[in-house]
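Asker: Quick one, start-v2.txt (compact mmCIF, N, CA and C atoms):
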# COMPACT_ATOMS: atom_id res chain seq x y z
N MET K 1 -68.89 109.47 42.50
CA MET K 1 -68.37 108.16 42.19
C MET K 1 -68.05 108.10 40.70
N ILE K 2 -66.89 107.58 40.36
CA ILE K 2 -66.48 107.43 38.97
C ILE K 2 -67.12 106.17 38.42
N ARG K 3 -67.76 106.28 37.27
CA ARG K 3 -68.38 105.14 36.61
C ARG K 3 -67.36 104.52 35.66
N ILE K 4 -67.16 103.23 35.79
CA ILE K 4 -66.23 102.52 34.93
C ILE K 4 -67.03 101.78 33.87
N PRO K 5 -66.77 102.03 32.57
CA PRO K 5 -67.53 101.35 31.54
C PRO K 5 -67.32 99.84 31.61
N THR K 6 -68.42 99.10 31.50
CA THR K 6 -68.32 97.64 31.56
C THR K 6 -68.63 97.00 30.22
N HIS K 7 -69.01 97.78 29.24
CA HIS K 7 -69.42 97.25 27.94
C HIS K 7 -68.26 97.13 26.95
N ARG K 8 -67.07 97.47 27.37
CA ARG K 8 -65.93 97.39 26.45
C ARG K 8 -64.72 96.81 27.16
N ILE K 9 -63.78 96.35 26.36
CA ILE K 9 -62.54 95.82 26.92
C ILE K 9 -61.78 96.99 27.56
N PRO K 10 -61.28 96.80 28.78
CA PRO K 10 -60.52 97.88 29.43
C PRO K 10 -59.25 98.21 28.64
N THR K 11 -58.75 99.38 28.86
CA THR K 11 -57.52 99.82 28.22
C THR K 11 -56.33 99.22 28.95
N HIS K 12 -55.46 98.57 28.19
CA HIS K 12 -54.23 98.02 28.77
C HIS K 12 -53.32 99.20 29.13
N PRO K 13 -52.60 99.11 30.25
CA PRO K 13 -51.72 100.22 30.64
C PRO K 13 -50.66 100.56 29.59
N GLY K 14 -50.21 99.57 28.84
CA GLY K 14 -49.24 99.83 27.78
C GLY K 14 -49.83 100.63 26.64
N GLU K 15 -51.09 100.35 26.32
CA GLU K 15 -51.79 101.13 25.29
C GLU K 15 -51.97 102.57 25.76
N MET K 16 -52.35 102.73 27.02
CA MET K 16 -52.50 104.07 27.59
C MET K 16 -51.17 104.82 27.55
N LEU K 17 -50.10 104.14 27.92
CA LEU K 17 -48.78 104.76 27.90
C LEU K 17 -48.44 105.26 26.50
N ALA K 18 -48.64 104.40 25.50
CA ALA K 18 -48.30 104.78 24.13
C ALA K 18 -49.22 105.87 23.59
N GLU K 19 -50.53 105.64 23.67
CA GLU K 19 -51.50 106.52 23.01
C GLU K 19 -51.71 107.87 23.69
N GLU K 20 -51.61 107.90 25.00
CA GLU K 20 -51.92 109.14 25.72
C GLU K 20 -50.69 109.88 26.25
N PHE K 21 -49.54 109.21 26.21
CA PHE K 21 -48.33 109.85 26.75
C PHE K 21 -47.21 109.90 25.72
N LEU K 22 -46.73 108.74 25.28
CA LEU K 22 -45.56 108.72 24.41
C LEU K 22 -45.81 109.40 23.07
N ILE K 23 -46.85 108.99 22.37
CA ILE K 23 -47.10 109.54 21.03
C ILE K 23 -47.38 111.04 21.08
N PRO K 24 -48.33 111.50 21.90
CA PRO K 24 -48.60 112.95 21.92
C PRO K 24 -47.40 113.79 22.37
N MET K 25 -46.58 113.22 23.26
CA MET K 25 -45.44 113.96 23.78
C MET K 25 -44.18 113.76 22.94
N LYS K 26 -44.32 112.95 21.88
CA LYS K 26 -43.20 112.65 20.99
C LYS K 26 -42.01 112.07 21.75
N ILE K 27 -42.31 111.12 22.63
CA ILE K 27 -41.29 110.42 23.39
C ILE K 27 -41.22 109.00 22.84
N THR K 28 -40.04 108.54 22.49
CA THR K 28 -39.91 107.18 21.98
C THR K 28 -39.85 106.19 23.13
N GLN K 29 -40.07 104.94 22.80
CA GLN K 29 -39.96 103.88 23.81
C GLN K 29 -38.54 103.85 24.37
N ARG K 30 -37.57 104.05 23.51
CA ARG K 30 -36.18 104.07 23.99
C ARG K 30 -35.93 105.24 24.92
N ASP K 31 -36.50 106.39 24.60
CA ASP K 31 -36.34 107.58 25.45
C ASP K 31 -36.91 107.34 26.84
N ILE K 32 -38.11 106.80 26.92
CA ILE K 32 -38.73 106.59 28.23
C ILE K 32 -37.98 105.51 29.00
N ALA K 33 -37.54 104.47 28.29
CA ALA K 33 -36.79 103.40 28.95
C ALA K 33 -35.52 103.96 29.59
N GLU K 34 -34.83 104.80 28.85
CA GLU K 34 -33.61 105.41 29.37
C GLU K 34 -33.92 106.36 30.53
N ALA K 35 -34.98 107.15 30.38
CA ALA K 35 -35.33 108.15 31.40
C ALA K 35 -35.72 107.52 32.74
N ILE K 36 -36.37 106.35 32.69
CA ILE K 36 -36.79 105.73 33.95
C ILE K 36 -35.92 104.53 34.33
N ASP K 37 -34.83 104.35 33.58
CA ASP K 37 -33.82 103.34 33.88
C ASP K 37 -34.38 101.91 33.90
N VAL K 38 -35.05 101.55 32.80
CA VAL K 38 -35.50 100.17 32.61
C VAL K 38 -35.07 99.73 31.22
N PRO K 39 -34.94 98.43 31.00
CA PRO K 39 -34.58 97.97 29.66
C PRO K 39 -35.65 98.33 28.63
N TYR K 40 -35.22 98.68 27.45
CA TYR K 40 -36.14 99.01 26.35
C TYR K 40 -37.15 97.88 26.14
N ARG K 41 -36.66 96.64 26.22
CA ARG K 41 -37.51 95.47 26.00
C ARG K 41 -38.76 95.50 26.89
N LYS K 42 -38.59 95.91 28.15
CA LYS K 42 -39.73 95.95 29.08
C LYS K 42 -40.77 96.96 28.63
N ILE K 43 -40.33 98.12 28.18
CA ILE K 43 -41.26 99.14 27.70
C ILE K 43 -41.96 98.64 26.44
N ASN K 44 -41.19 98.07 25.52
CA ASN K 44 -41.75 97.58 24.27
C ASN K 44 -42.79 96.49 24.53
N GLU K 45 -42.48 95.56 25.42
CA GLU K 45 -43.42 94.49 25.74
C GLU K 45 -44.67 95.04 26.42
N LEU K 46 -44.51 96.04 27.27
CA LEU K 46 -45.65 96.67 27.93
C LEU K 46 -46.54 97.35 26.90
N VAL K 47 -45.95 98.15 26.03
CA VAL K 47 -46.71 98.87 25.00
C VAL K 47 -47.44 97.89 24.08
N ASN K 48 -46.84 96.75 23.80
CA ASN K 48 -47.44 95.76 22.90
C ASN K 48 -48.30 94.72 23.63
N ARG K 49 -48.64 95.00 24.88
CA ARG K 49 -49.52 94.15 25.69
C ARG K 49 -48.97 92.75 25.94
N HIS K 50 -47.65 92.62 25.93
CA HIS K 50 -47.03 91.34 26.23
C HIS K 50 -46.47 91.30 27.64
N ARG K 51 -46.64 92.38 28.38
CA ARG K 51 -46.13 92.48 29.74
C ARG K 51 -47.15 93.27 30.56
N ALA K 52 -47.29 92.86 31.81
CA ALA K 52 -48.20 93.57 32.72
C ALA K 52 -47.47 94.74 33.38
N MET K 53 -48.26 95.70 33.80
CA MET K 53 -47.73 96.81 34.60
C MET K 53 -47.39 96.26 35.97
N THR K 54 -46.19 96.54 36.44
CA THR K 54 -45.79 96.12 37.78
C THR K 54 -45.79 97.33 38.70
N PRO K 55 -45.84 97.11 40.00
CA PRO K 55 -45.75 98.25 40.91
C PRO K 55 -44.46 99.06 40.70
N ALA K 56 -43.36 98.38 40.44
CA ALA K 56 -42.09 99.10 40.23
C ALA K 56 -42.16 99.98 38.99
N MET K 57 -42.72 99.45 37.90
CA MET K 57 -42.84 100.23 36.67
C MET K 57 -43.82 101.39 36.89
N ALA K 58 -44.91 101.13 37.61
CA ALA K 58 -45.90 102.18 37.89
C ALA K 58 -45.26 103.32 38.68
N LEU K 59 -44.42 102.98 39.64
CA LEU K 59 -43.74 104.01 40.43
C LEU K 59 -42.81 104.85 39.55
N ARG K 60 -42.09 104.20 38.66
CA ARG K 60 -41.17 104.93 37.78
C ARG K 60 -41.92 105.85 36.82
N LEU K 61 -43.00 105.32 36.22
CA LEU K 61 -43.81 106.15 35.32
C LEU K 61 -44.48 107.29 36.07
N SER K 62 -44.90 107.00 37.29
CA SER K 62 -45.51 108.01 38.14
C SER K 62 -44.56 109.16 38.39
N LYS K 63 -43.35 108.83 38.72
CA LYS K 63 -42.33 109.85 38.98
C LYS K 63 -42.04 110.67 37.72
N PHE K 64 -41.91 109.98 36.59
CA PHE K 64 -41.57 110.66 35.34
C PHE K 64 -42.68 111.58 34.85
N PHE K 65 -43.93 111.08 34.85
CA PHE K 65 -45.04 111.85 34.30
C PHE K 65 -45.77 112.71 35.34
N GLY K 66 -45.47 112.48 36.61
CA GLY K 66 -46.11 113.29 37.64
C GLY K 66 -47.56 112.93 37.91
N ILE K 67 -47.91 111.68 37.66
CA ILE K 67 -49.26 111.20 38.00
C ILE K 67 -49.11 110.02 38.94
N SER K 68 -50.17 109.63 39.60
CA SER K 68 -50.06 108.60 40.63
C SER K 68 -49.74 107.22 40.06
N ALA K 69 -49.02 106.45 40.84
CA ALA K 69 -48.75 105.06 40.49
C ALA K 69 -50.05 104.26 40.49
N ASP K 70 -50.99 104.68 41.33
CA ASP K 70 -52.29 104.00 41.38
C ASP K 70 -53.01 104.07 40.03
N PHE K 71 -52.83 105.14 39.30
CA PHE K 71 -53.42 105.28 37.97
C PHE K 71 -53.02 104.09 37.11
N TRP K 72 -51.72 103.82 37.06
CA TRP K 72 -51.21 102.72 36.23
C TRP K 72 -51.66 101.36 36.76
N MET K 73 -51.62 101.21 38.08
CA MET K 73 -52.00 99.92 38.67
C MET K 73 -53.50 99.65 38.52
N ASN K 74 -54.31 100.70 38.58
CA ASN K 74 -55.75 100.52 38.37
C ASN K 74 -56.06 100.08 36.95
N LEU K 75 -55.34 100.62 35.98
CA LEU K 75 -55.51 100.15 34.61
C LEU K 75 -55.20 98.66 34.51
N GLN K 76 -54.10 98.24 35.14
CA GLN K 76 -53.72 96.83 35.10
C GLN K 76 -54.75 95.97 35.81
N MET K 77 -55.24 96.43 36.96
CA MET K 77 -56.22 95.67 37.72
C MET K 77 -57.50 95.49 36.90
N ARG K 78 -57.96 96.55 36.24
CA ARG K 78 -59.18 96.44 35.42
C ARG K 78 -58.97 95.45 34.28
N TRP K 79 -57.79 95.52 33.65
CA TRP K 79 -57.45 94.60 32.56
C TRP K 79 -57.47 93.16 33.07
N ASP K 80 -56.78 92.93 34.18
CA ASP K 80 -56.70 91.58 34.75
C ASP K 80 -58.07 91.05 35.15
N MET K 81 -58.88 91.89 35.81
CA MET K 81 -60.20 91.46 36.26
C MET K 81 -61.12 91.15 35.08
N TYR K 82 -61.04 91.91 34.03
CA TYR K 82 -61.86 91.67 32.83
C TYR K 82 -61.57 90.27 32.29
N TYR K 83 -60.29 89.94 32.13
CA TYR K 83 -59.95 88.64 31.57
C TYR K 83 -60.14 87.51 32.57
N ALA K 84 -59.98 87.79 33.85
CA ALA K 84 -60.26 86.77 34.87
C ALA K 84 -61.74 86.42 34.86
N ARG K 85 -62.60 87.43 34.78
CA ARG K 85 -64.05 87.17 34.72
C ARG K 85 -64.39 86.31 33.50
N LYS K 86 -63.78 86.63 32.36
CA LYS K 86 -64.05 85.86 31.15
C LYS K 86 -63.59 84.41 31.30
N SER K 87 -62.42 84.21 31.85
CA SER K 87 -61.88 82.85 31.94
C SER K 87 -62.52 82.04 33.06
N GLU K 88 -63.10 82.70 34.04
CA GLU K 88 -63.69 82.01 35.19
C GLU K 88 -65.22 81.96 35.14
N ILE K 89 -65.82 82.35 34.03
CA ILE K 89 -67.27 82.51 33.97
C ILE K 89 -68.02 81.23 34.35
N LYS K 90 -67.60 80.08 33.85
CA LYS K 90 -68.30 78.83 34.19
C LYS K 90 -68.20 78.52 35.67
N ALA K 91 -67.01 78.66 36.21
CA ALA K 91 -66.81 78.39 37.64
C ALA K 91 -67.60 79.38 38.49
N LEU K 92 -67.59 80.64 38.11
CA LEU K 92 -68.32 81.65 38.88
C LEU K 92 -69.82 81.42 38.83
N ASN K 93 -70.33 81.02 37.68
CA ASN K 93 -71.77 80.75 37.56
C ASN K 93 -72.20 79.56 38.39
N ALA K 94 -71.28 78.65 38.67
CA ALA K 94 -71.61 77.46 39.45
C ALA K 94 -71.58 77.71 40.95
N ILE K 95 -71.03 78.82 41.38
CA ILE K 95 -70.91 79.11 42.81
C ILE K 95 -72.18 79.76 43.33
N GLU K 96 -72.72 79.19 44.40
CA GLU K 96 -73.89 79.76 45.07
C GLU K 96 -73.39 80.73 46.14
N PRO K 97 -73.83 81.97 46.09
CA PRO K 97 -73.40 82.93 47.11
C PRO K 97 -73.88 82.54 48.50
N CYS K 98 -73.08 82.83 49.48
CA CYS K 98 -73.43 82.60 50.88
C CYS K 98 -74.50 83.61 51.26
N ARG K 99 -75.63 83.13 51.77
CA ARG K 99 -76.73 84.02 52.14
C ARG K 99 -76.96 84.05 53.64
N ILE K 100 -76.10 83.39 54.39
CA ILE K 100 -76.28 83.33 55.84
C ILE K 100 -75.30 84.28 56.50
N PRO K 101 -75.79 85.32 57.17
CA PRO K 101 -74.86 86.22 57.84
C PRO K 101 -74.22 85.53 59.03
N ASN K 102 -72.96 85.75 59.20
CA ASN K 102 -72.27 85.24 60.38
C ASN K 102 -71.40 86.36 60.92
N GLU K 103 -70.77 86.12 62.03
CA GLU K 103 -69.98 87.18 62.67
C GLU K 103 -68.88 87.72 61.75
N THR K 104 -68.26 86.84 60.97
CA THR K 104 -67.19 87.28 60.08
C THR K 104 -67.71 88.19 58.98
N THR K 105 -68.81 87.79 58.31
CA THR K 105 -69.33 88.61 57.22
C THR K 105 -69.89 89.92 57.74
N ILE K 106 -70.55 89.90 58.88
CA ILE K 106 -71.10 91.13 59.46
C ILE K 106 -69.96 92.07 59.83
N ALA K 107 -68.90 91.53 60.44
CA ALA K 107 -67.75 92.36 60.83
C ALA K 107 -67.09 92.96 59.59
N ALA K 108 -66.99 92.18 58.51
CA ALA K 108 -66.38 92.68 57.28
C ALA K 108 -67.20 93.83 56.71
N PHE K 109 -68.52 93.70 56.72
CA PHE K 109 -69.37 94.78 56.22
C PHE K 109 -69.29 96.01 57.12
N GLU K 110 -69.18 95.79 58.42
CA GLU K 110 -69.06 96.93 59.33
C GLU K 110 -67.75 97.67 59.10
N GLU K 111 -66.69 96.91 58.80
CA GLU K 111 -65.37 97.51 58.58
C GLU K 111 -65.29 98.25 57.25
N ASP K 112 -65.86 97.66 56.20
CA ASP K 112 -65.79 98.25 54.86
C ASP K 112 -67.15 98.83 54.49
N LYS K 113 -67.36 100.08 54.87
CA LYS K 113 -68.66 100.72 54.65
C LYS K 113 -69.01 100.82 53.16
N SER K 114 -68.00 100.86 52.28
CA SER K 114 -68.30 100.97 50.85
C SER K 114 -69.01 99.72 50.34
N ALA K 115 -68.80 98.59 51.01
CA ALA K 115 -69.48 97.36 50.61
C ALA K 115 -70.96 97.44 50.93
N MET K 116 -71.35 98.38 51.78
CA MET K 116 -72.74 98.51 52.19
C MET K 116 -73.46 99.64 51.47
N GLN K 117 -72.97 100.02 50.31
CA GLN K 117 -73.53 101.19 49.66
C GLN K 117 -75.03 101.08 49.37
N VAL K 118 -75.57 99.87 49.21
CA VAL K 118 -77.00 99.75 48.96
C VAL K 118 -77.80 99.51 50.23
N PHE K 119 -77.14 99.32 51.35
CA PHE K 119 -77.80 99.11 52.63
C PHE K 119 -77.61 100.33 53.51
N HIS K 120 -78.61 100.67 54.29
CA HIS K 120 -78.50 101.82 55.16
C HIS K 120 -78.03 101.45 56.56
N SER K 121 -78.10 100.16 56.88
CA SER K 121 -77.70 99.74 58.22
C SER K 121 -77.34 98.27 58.21
N ILE K 122 -76.65 97.84 59.26
CA ILE K 122 -76.33 96.42 59.43
C ILE K 122 -77.62 95.63 59.54
N GLU K 123 -78.63 96.19 60.21
CA GLU K 123 -79.90 95.49 60.37
C GLU K 123 -80.55 95.23 59.01
N GLU K 124 -80.48 96.22 58.12
CA GLU K 124 -81.04 96.05 56.78
C GLU K 124 -80.28 94.97 56.02
N LEU K 125 -78.96 94.95 56.17
CA LEU K 125 -78.15 93.91 55.55
C LEU K 125 -78.53 92.54 56.08
N LYS K 126 -78.65 92.40 57.41
CA LYS K 126 -79.02 91.12 58.01
C LYS K 126 -80.39 90.67 57.50
N LYS K 127 -81.34 91.60 57.44
CA LYS K 127 -82.68 91.27 56.98
C LYS K 127 -82.63 90.76 55.54
N ASP K 128 -81.84 91.42 54.69
CA ASP K 128 -81.72 91.01 53.30
C ASP K 128 -81.07 89.64 53.19
N LEU K 129 -80.03 89.40 53.97
CA LEU K 129 -79.34 88.11 53.91
C LEU K 129 -80.20 86.97 54.44
N LEU K 130 -81.07 87.26 55.39
CA LEU K 130 -81.92 86.22 55.97
C LEU K 130 -83.18 85.98 55.15
N ALA K 131 -83.47 86.83 54.20
CA ALA K 131 -84.70 86.70 53.39
C ALA K 131 -84.65 85.48 52.49
Would you mind giving the structure from this file in structure tokens?
Answerer:
Amino acid sequence: MIRIPTHRIPTHPGEMLAEEFLIPMKITQRDIAEAIDVPYRKINELVNRHRAMTPAMALRLSKFFGISADFWMNLQMRWDMYYARKSEIKALNAIEPCRIPNETTIAAFEEDKSAMQVFHSIEELKKDLLA
């Protein structure tokens, strides 16, 4: 399992693009914009954290650099979730988690086994939820 650091601000995909790809490879923003057929402005705004990574941009960068589009989208998702958690902290702290298992929650846990990583069985999950 890959551990994602939680003690620091995630890397914006535009920063990753600039620092780990464009600068070391000596590719300008204009060069990459032309190579993947997008306006220079979009690349510049992405690099300067004024634009989010889109699936379309991720696909183009994926094709150009030969790495997965998911790489770029995961960077964006981590960035978005970090700031969503910060902006929603009061609302999230006020929400009481549902502790009553029902058919929907049990079915969801049965379907997504990764959600049960700390439980060894549905019975253990039910016992924990009913405690």
Asker: Quick one: distance from atom CA of K:Phe21 to atom CA of K:Arg8 in Å, one decimal?
Answerer: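 Taking atom CA of K:Phe21 as the start and atom CA of K:Arg8 as the end point, the length is 21.6 Å.
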Asker: Return as a PDB file with N, CA and C atoms, in the frame of the given file the full set of residues in stretch 24-81 of chain K whose backbone-based DSSP assignment is alpha helix (DSSP H).
Answerer:
ATOM      1  N   PRO K  24     -48.330 111.500  21.900  1.00  0.00           N
ATOM      2  CA  PRO K  24     -48.600 112.950  21.920  1.00  0.00           C
ATOM      3  C   PRO K  24     -47.400 113.790  22.370  1.00  0.00           C
ATOM      4  N   MET K  25     -46.580 113.220  23.260  1.00  0.00           N
ATOM      5  CA  MET K  25     -45.440 113.960  23.780  1.00  0.00           C
ATOM      6  C   MET K  25     -44.180 113.760  22.940  1.00  0.00           C
ATOM      7  N   GLN K  29     -40.070 104.940  22.800  1.00  0.00           N
ATOM      8  CA  GLN K  29     -39.960 103.880  23.810  1.00  0.00           C
ATOM      9  C   GLN K  29     -38.540 103.850  24.370  1.00  0.00           C
ATOM     10  N   ARG K  30     -37.570 104.050  23.510  1.00  0.00           N
ATOM     11  CA  ARG K  30     -36.180 104.070  23.990  1.00  0.00           C
ATOM     12  C   ARG K  30     -35.930 105.240  24.920  1.00  0.00           C
ATOM     13  N   ASP K  31     -36.500 106.390  24.600  1.00  0.00           N
ATOM     14  CA  ASP K  31     -36.340 107.580  25.450  1.00  0.00           C
ATOM     15  C   ASP K  31     -36.910 107.340  26.840  1.00  0.00           C
ATOM     16  N   ILE K  32     -38.110 106.800  26.920  1.00  0.00           N
ATOM     17  CA  ILE K  32     -38.730 106.590  28.230  1.00  0.00           C
ATOM     18  C   ILE K  32     -37.980 105.510  29.000  1.00  0.00           C
ATOM     19  N   ALA K  33     -37.540 104.470  28.290  1.00  0.00           N
ATOM     20  CA  ALA K  33     -36.790 103.400  28.950  1.00  0.00           C
ATOM     21  C   ALA K  33     -35.520 103.960  29.590  1.00  0.00           C
ATOM     22  N   GLU K  34     -34.830 104.800  28.850  1.00  0.00           N
ATOM     23  CA  GLU K  34     -33.610 105.410  29.370  1.00  0.00           C
ATOM     24  C   GLU K  34     -33.920 106.360  30.530  1.00  0.00           C
ATOM     25  N   ALA K  35     -34.980 107.150  30.380  1.00  0.00           N
ATOM     26  CA  ALA K  35     -35.330 108.150  31.400  1.00  0.00           C
ATOM     27  C   ALA K  35     -35.720 107.520  32.740  1.00  0.00           C
ATOM     28  N   TYR K  40     -35.220  98.680  27.450  1.00  0.00           N
ATOM     29  CA  TYR K  40     -36.140  99.010  26.350  1.00  0.00           C
ATOM     30  C   TYR K  40     -37.150  97.880  26.140  1.00  0.00           C
ATOM     31  N   ARG K  41     -36.660  96.640  26.220  1.00  0.00           N
ATOM     32  CA  ARG K  41     -37.510  95.470  26.000  1.00  0.00           C
ATOM     33  C   ARG K  41     -38.760  95.500  26.890  1.00  0.00           C
ATOM     34  N   LYS K  42     -38.590  95.910  28.150  1.00  0.00           N
ATOM     35  CA  LYS K  42     -39.730  95.950  29.080  1.00  0.00           C
ATOM     36  C   LYS K  42     -40.770  96.960  28.630  1.00  0.00           C
ATOM     37  N   ILE K  43     -40.330  98.120  28.180  1.00  0.00           N
ATOM     38  CA  ILE K  43     -41.260  99.140  27.700  1.00  0.00           C
ATOM     39  C   ILE K  43     -41.960  98.640  26.440  1.00  0.00           C
ATOM     40  N   ASN K  44     -41.190  98.070  25.520  1.00  0.00           N
ATOM     41  CA  ASN K  44     -41.750  97.580  24.270  1.00  0.00           C
ATOM     42  C   ASN K  44     -42.790  96.490  24.530  1.00  0.00           C
ATOM     43  N   GLU K  45     -42.480  95.560  25.420  1.00  0.00           N
ATOM     44  CA  GLU K  45     -43.420  94.490  25.740  1.00  0.00           C
ATOM     45  C   GLU K  45     -44.670  95.040  26.420  1.00  0.00           C
ATOM     46  N   LEU K  46     -44.510  96.040  27.270  1.00  0.00           N
ATOM     47  CA  LEU K  46     -45.650  96.670  27.930  1.00  0.00           C
ATOM     48  C   LEU K  46     -46.540  97.350  26.900  1.00  0.00           C
ATOM     49  N   VAL K  47     -45.950  98.150  26.030  1.00  0.00           N
ATOM     50  CA  VAL K  47     -46.710  98.870  25.000  1.00  0.00           C
ATOM     51  C   VAL K  47     -47.440  97.890  24.080  1.00  0.00           C
ATOM     52  N   PRO K  55     -45.840  97.110  40.000  1.00  0.00           N
ATOM     53  CA  PRO K  55     -45.750  98.250  40.910  1.00  0.00           C
ATOM     54  C   PRO K  55     -44.460  99.060  40.700  1.00  0.00           C
ATOM     55  N   ALA K  56     -43.360  98.380  40.440  1.00  0.00           N
ATOM     56  CA  ALA K  56     -42.090  99.100  40.230  1.00  0.00           C
ATOM     57  C   ALA K  56     -42.160  99.980  38.990  1.00  0.00           C
ATOM     58  N   MET K  57     -42.720  99.450  37.900  1.00  0.00           N
ATOM     59  CA  MET K  57     -42.840 100.230  36.670  1.00  0.00           C
ATOM     60  C   MET K  57     -43.820 101.390  36.890  1.00  0.00           C
ATOM     61  N   ALA K  58     -44.910 101.130  37.610  1.00  0.00           N
ATOM     62  CA  ALA K  58     -45.900 102.180  37.890  1.00  0.00           C
ATOM     63  C   ALA K  58     -45.260 103.320  38.680  1.00  0.00           C
ATOM     64  N   LEU K  59     -44.420 102.980  39.640  1.00  0.00           N
ATOM     65  CA  LEU K  59     -43.740 104.010  40.430  1.00  0.00           C
ATOM     66  C   LEU K  59     -42.810 104.850  39.550  1.00  0.00           C
ATOM     67  N   ARG K  60     -42.090 104.200  38.660  1.00  0.00           N
ATOM     68  CA  ARG K  60     -41.170 104.930  37.780  1.00  0.00           C
ATOM     69  C   ARG K  60     -41.920 105.850  36.820  1.00  0.00           C
ATOM     70  N   LEU K  61     -43.000 105.320  36.220  1.00  0.00           N
ATOM     71  CA  LEU K  61     -43.810 106.150  35.320  1.00  0.00           C
ATOM     72  C   LEU K  61     -44.480 107.290  36.070  1.00  0.00           C
ATOM     73  N   SER K  62     -44.900 107.000  37.290  1.00  0.00           N
ATOM     74  CA  SER K  62     -45.510 108.010  38.140  1.00  0.00           C
ATOM     75  C   SER K  62     -44.560 109.160  38.390  1.00  0.00           C
ATOM     76  N   LYS K  63     -43.350 108.830  38.720  1.00  0.00           N
ATOM     77  CA  LYS K  63     -42.330 109.850  38.980  1.00  0.00           C
ATOM     78  C   LYS K  63     -42.040 110.670  37.720  1.00  0.00           C
ATOM     79  N   PHE K  64     -41.910 109.980  36.590  1.00  0.00           N
ATOM     80  CA  PHE K  64     -41.570 110.660  35.340  1.00  0.00           C
ATOM     81  C   PHE K  64     -42.680 111.580  34.850  1.00  0.00           C
ATOM     82  N   PHE K  65     -43.930 111.080  34.850  1.00  0.00           N
ATOM     83  CA  PHE K  65     -45.040 111.850  34.300  1.00  0.00           C
ATOM     84  C   PHE K  65     -45.770 112.710  35.340  1.00  0.00           C
ATOM     85  N   ALA K  69     -49.020 106.450  40.840  1.00  0.00           N
ATOM     86  CA  ALA K  69     -48.750 105.060  40.490  1.00  0.00           C
ATOM     87  C   ALA K  69     -50.050 104.260  40.490  1.00  0.00           C
ATOM     88  N   ASP K  70     -50.990 104.680  41.330  1.00  0.00           N
ATOM     89  CA  ASP K  70     -52.290 104.000  41.380  1.00  0.00           C
ATOM     90  C   ASP K  70     -53.010 104.070  40.030  1.00  0.00           C
ATOM     91  N   PHE K  71     -52.830 105.140  39.300  1.00  0.00           N
ATOM     92  CA  PHE K  71     -53.420 105.280  37.970  1.00  0.00           C
ATOM     93  C   PHE K  71     -53.020 104.090  37.110  1.00  0.00           C
ATOM     94  N   TRP K  72     -51.720 103.820  37.060  1.00  0.00           N
ATOM     95  CA  TRP K  72     -51.210 102.720  36.230  1.00  0.00           C
ATOM     96  C   TRP K  72     -51.660 101.360  36.760  1.00  0.00           C
ATOM     97  N   MET K  73     -51.620 101.210  38.080  1.00  0.00           N
ATOM     98  CA  MET K  73     -52.000  99.920  38.670  1.00  0.00           C
ATOM     99  C   MET K  73     -53.500  99.650  38.520  1.00  0.00           C
ATOM    100  N   ASN K  74     -54.310 100.700  38.580  1.00  0.00           N
ATOM    101  CA  ASN K  74     -55.750 100.520  38.370  1.00  0.00           C
ATOM    102  C   ASN K  74     -56.060 100.080  36.950  1.00  0.00           C
ATOM    103  N   LEU K  75     -55.340 100.620  35.980  1.00  0.00           N
ATOM    104  CA  LEU K  75     -55.510 100.150  34.610  1.00  0.00           C
ATOM    105  C   LEU K  75     -55.200  98.660  34.510  1.00  0.00           C
ATOM    106  N   GLN K  76     -54.100  98.240  35.140  1.00  0.00           N
ATOM    107  CA  GLN K  76     -53.720  96.830  35.100  1.00  0.00           C
ATOM    108  C   GLN K  76     -54.750  95.970  35.810  1.00  0.00           C
ATOM    109  N   MET K  77     -55.240  96.430  36.960  1.00  0.00           N
ATOM    110  CA  MET K  77     -56.220  95.670  37.720  1.00  0.00           C
ATOM    111  C   MET K  77     -57.500  95.490  36.900  1.00  0.00           C
ATOM    112  N   ARG K  78     -57.960  96.550  36.240  1.00  0.00           N
ATOM    113  CA  ARG K  78     -59.180  96.440  35.420  1.00  0.00           C
ATOM    114  C   ARG K  78     -58.970  95.450  34.280  1.00  0.00           C
ATOM    115  N   TRP K  79     -57.790  95.520  33.650  1.00  0.00           N
ATOM    116  CA  TRP K  79     -57.450  94.600  32.560  1.00  0.00           C
ATOM    117  C   TRP K  79     -57.470  93.160  33.070  1.00  0.00           C
ATOM    118  N   ASP K  80     -56.780  92.930  34.180  1.00  0.00           N
ATOM    119  CA  ASP K  80     -56.700  91.580  34.750  1.00  0.00           C
ATOM    120  C   ASP K  80     -58.070  91.050  35.150  1.00  0.00           C
ATOM    121  N   MET K  81     -58.880  91.890  35.810  1.00  0.00           N
ATOM    122  CA  MET K  81     -60.200  91.460  36.260  1.00  0.00           C
ATOM    123  C   MET K  81     -61.120  91.150  35.080  1.00  0.00           C
TER     124      MET K  81
END
Asker: Record the distance separating atom N of K:Ala84 and atom C of K:Ile43, expressed in Å with one decimal.
Answerer: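 So the answer is 22.3 Å.
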Asker: As lines of an AutoDock Vina configuration file, what would the box around stretch 39-42 of chain K look like: edges along x, y and z, 4 Å added on every side, centre and edge lengths in Å to one decimal?
Answerer:
center_x = -37.7
center_y = 97.2
center_z = 28.5
size_x = 14.2
size_y = 11.5
size_z = 13.0
Asker: Would you please work out which residue, of K:Leu92, K:Pro13, K:Ile67, K:Arg30, is nearest to K:Thr54 when using only C-alpha atoms?
Answerer: K:Pro13
Asker: Could you tell me which of K:Ala108, K:Leu46, K:Ile23, K:Met73 comes closest to K:Ala58 if we count only C-alpha atoms?
Answerer: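 Looking only at the distances to K:Ala58, the closest residue turns out to be K:Met73.
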Asker: Could you list, as a count of residues only, every residue within 8 Å of K:Ala52, counting only N, CA and C atoms and ignoring same-chain residues fewer than 3 positions away?
Answerer: 9
Asker: What's the separation between atom CA of K:Ala56 and atom CA of K:Met16, in Å to one decimal place?
Answerer: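 Answer for the atom CA of K:Ala56 to atom CA of K:Met16 separation: 17.1 Å.
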Asker: Write out as a ChimeraX atom specification which residues come within 8 Å of K:Asp31 when counting all atoms listed in the file, dropping same-chain ones fewer than 5 positions away.
Answerer: /K:36-37,40
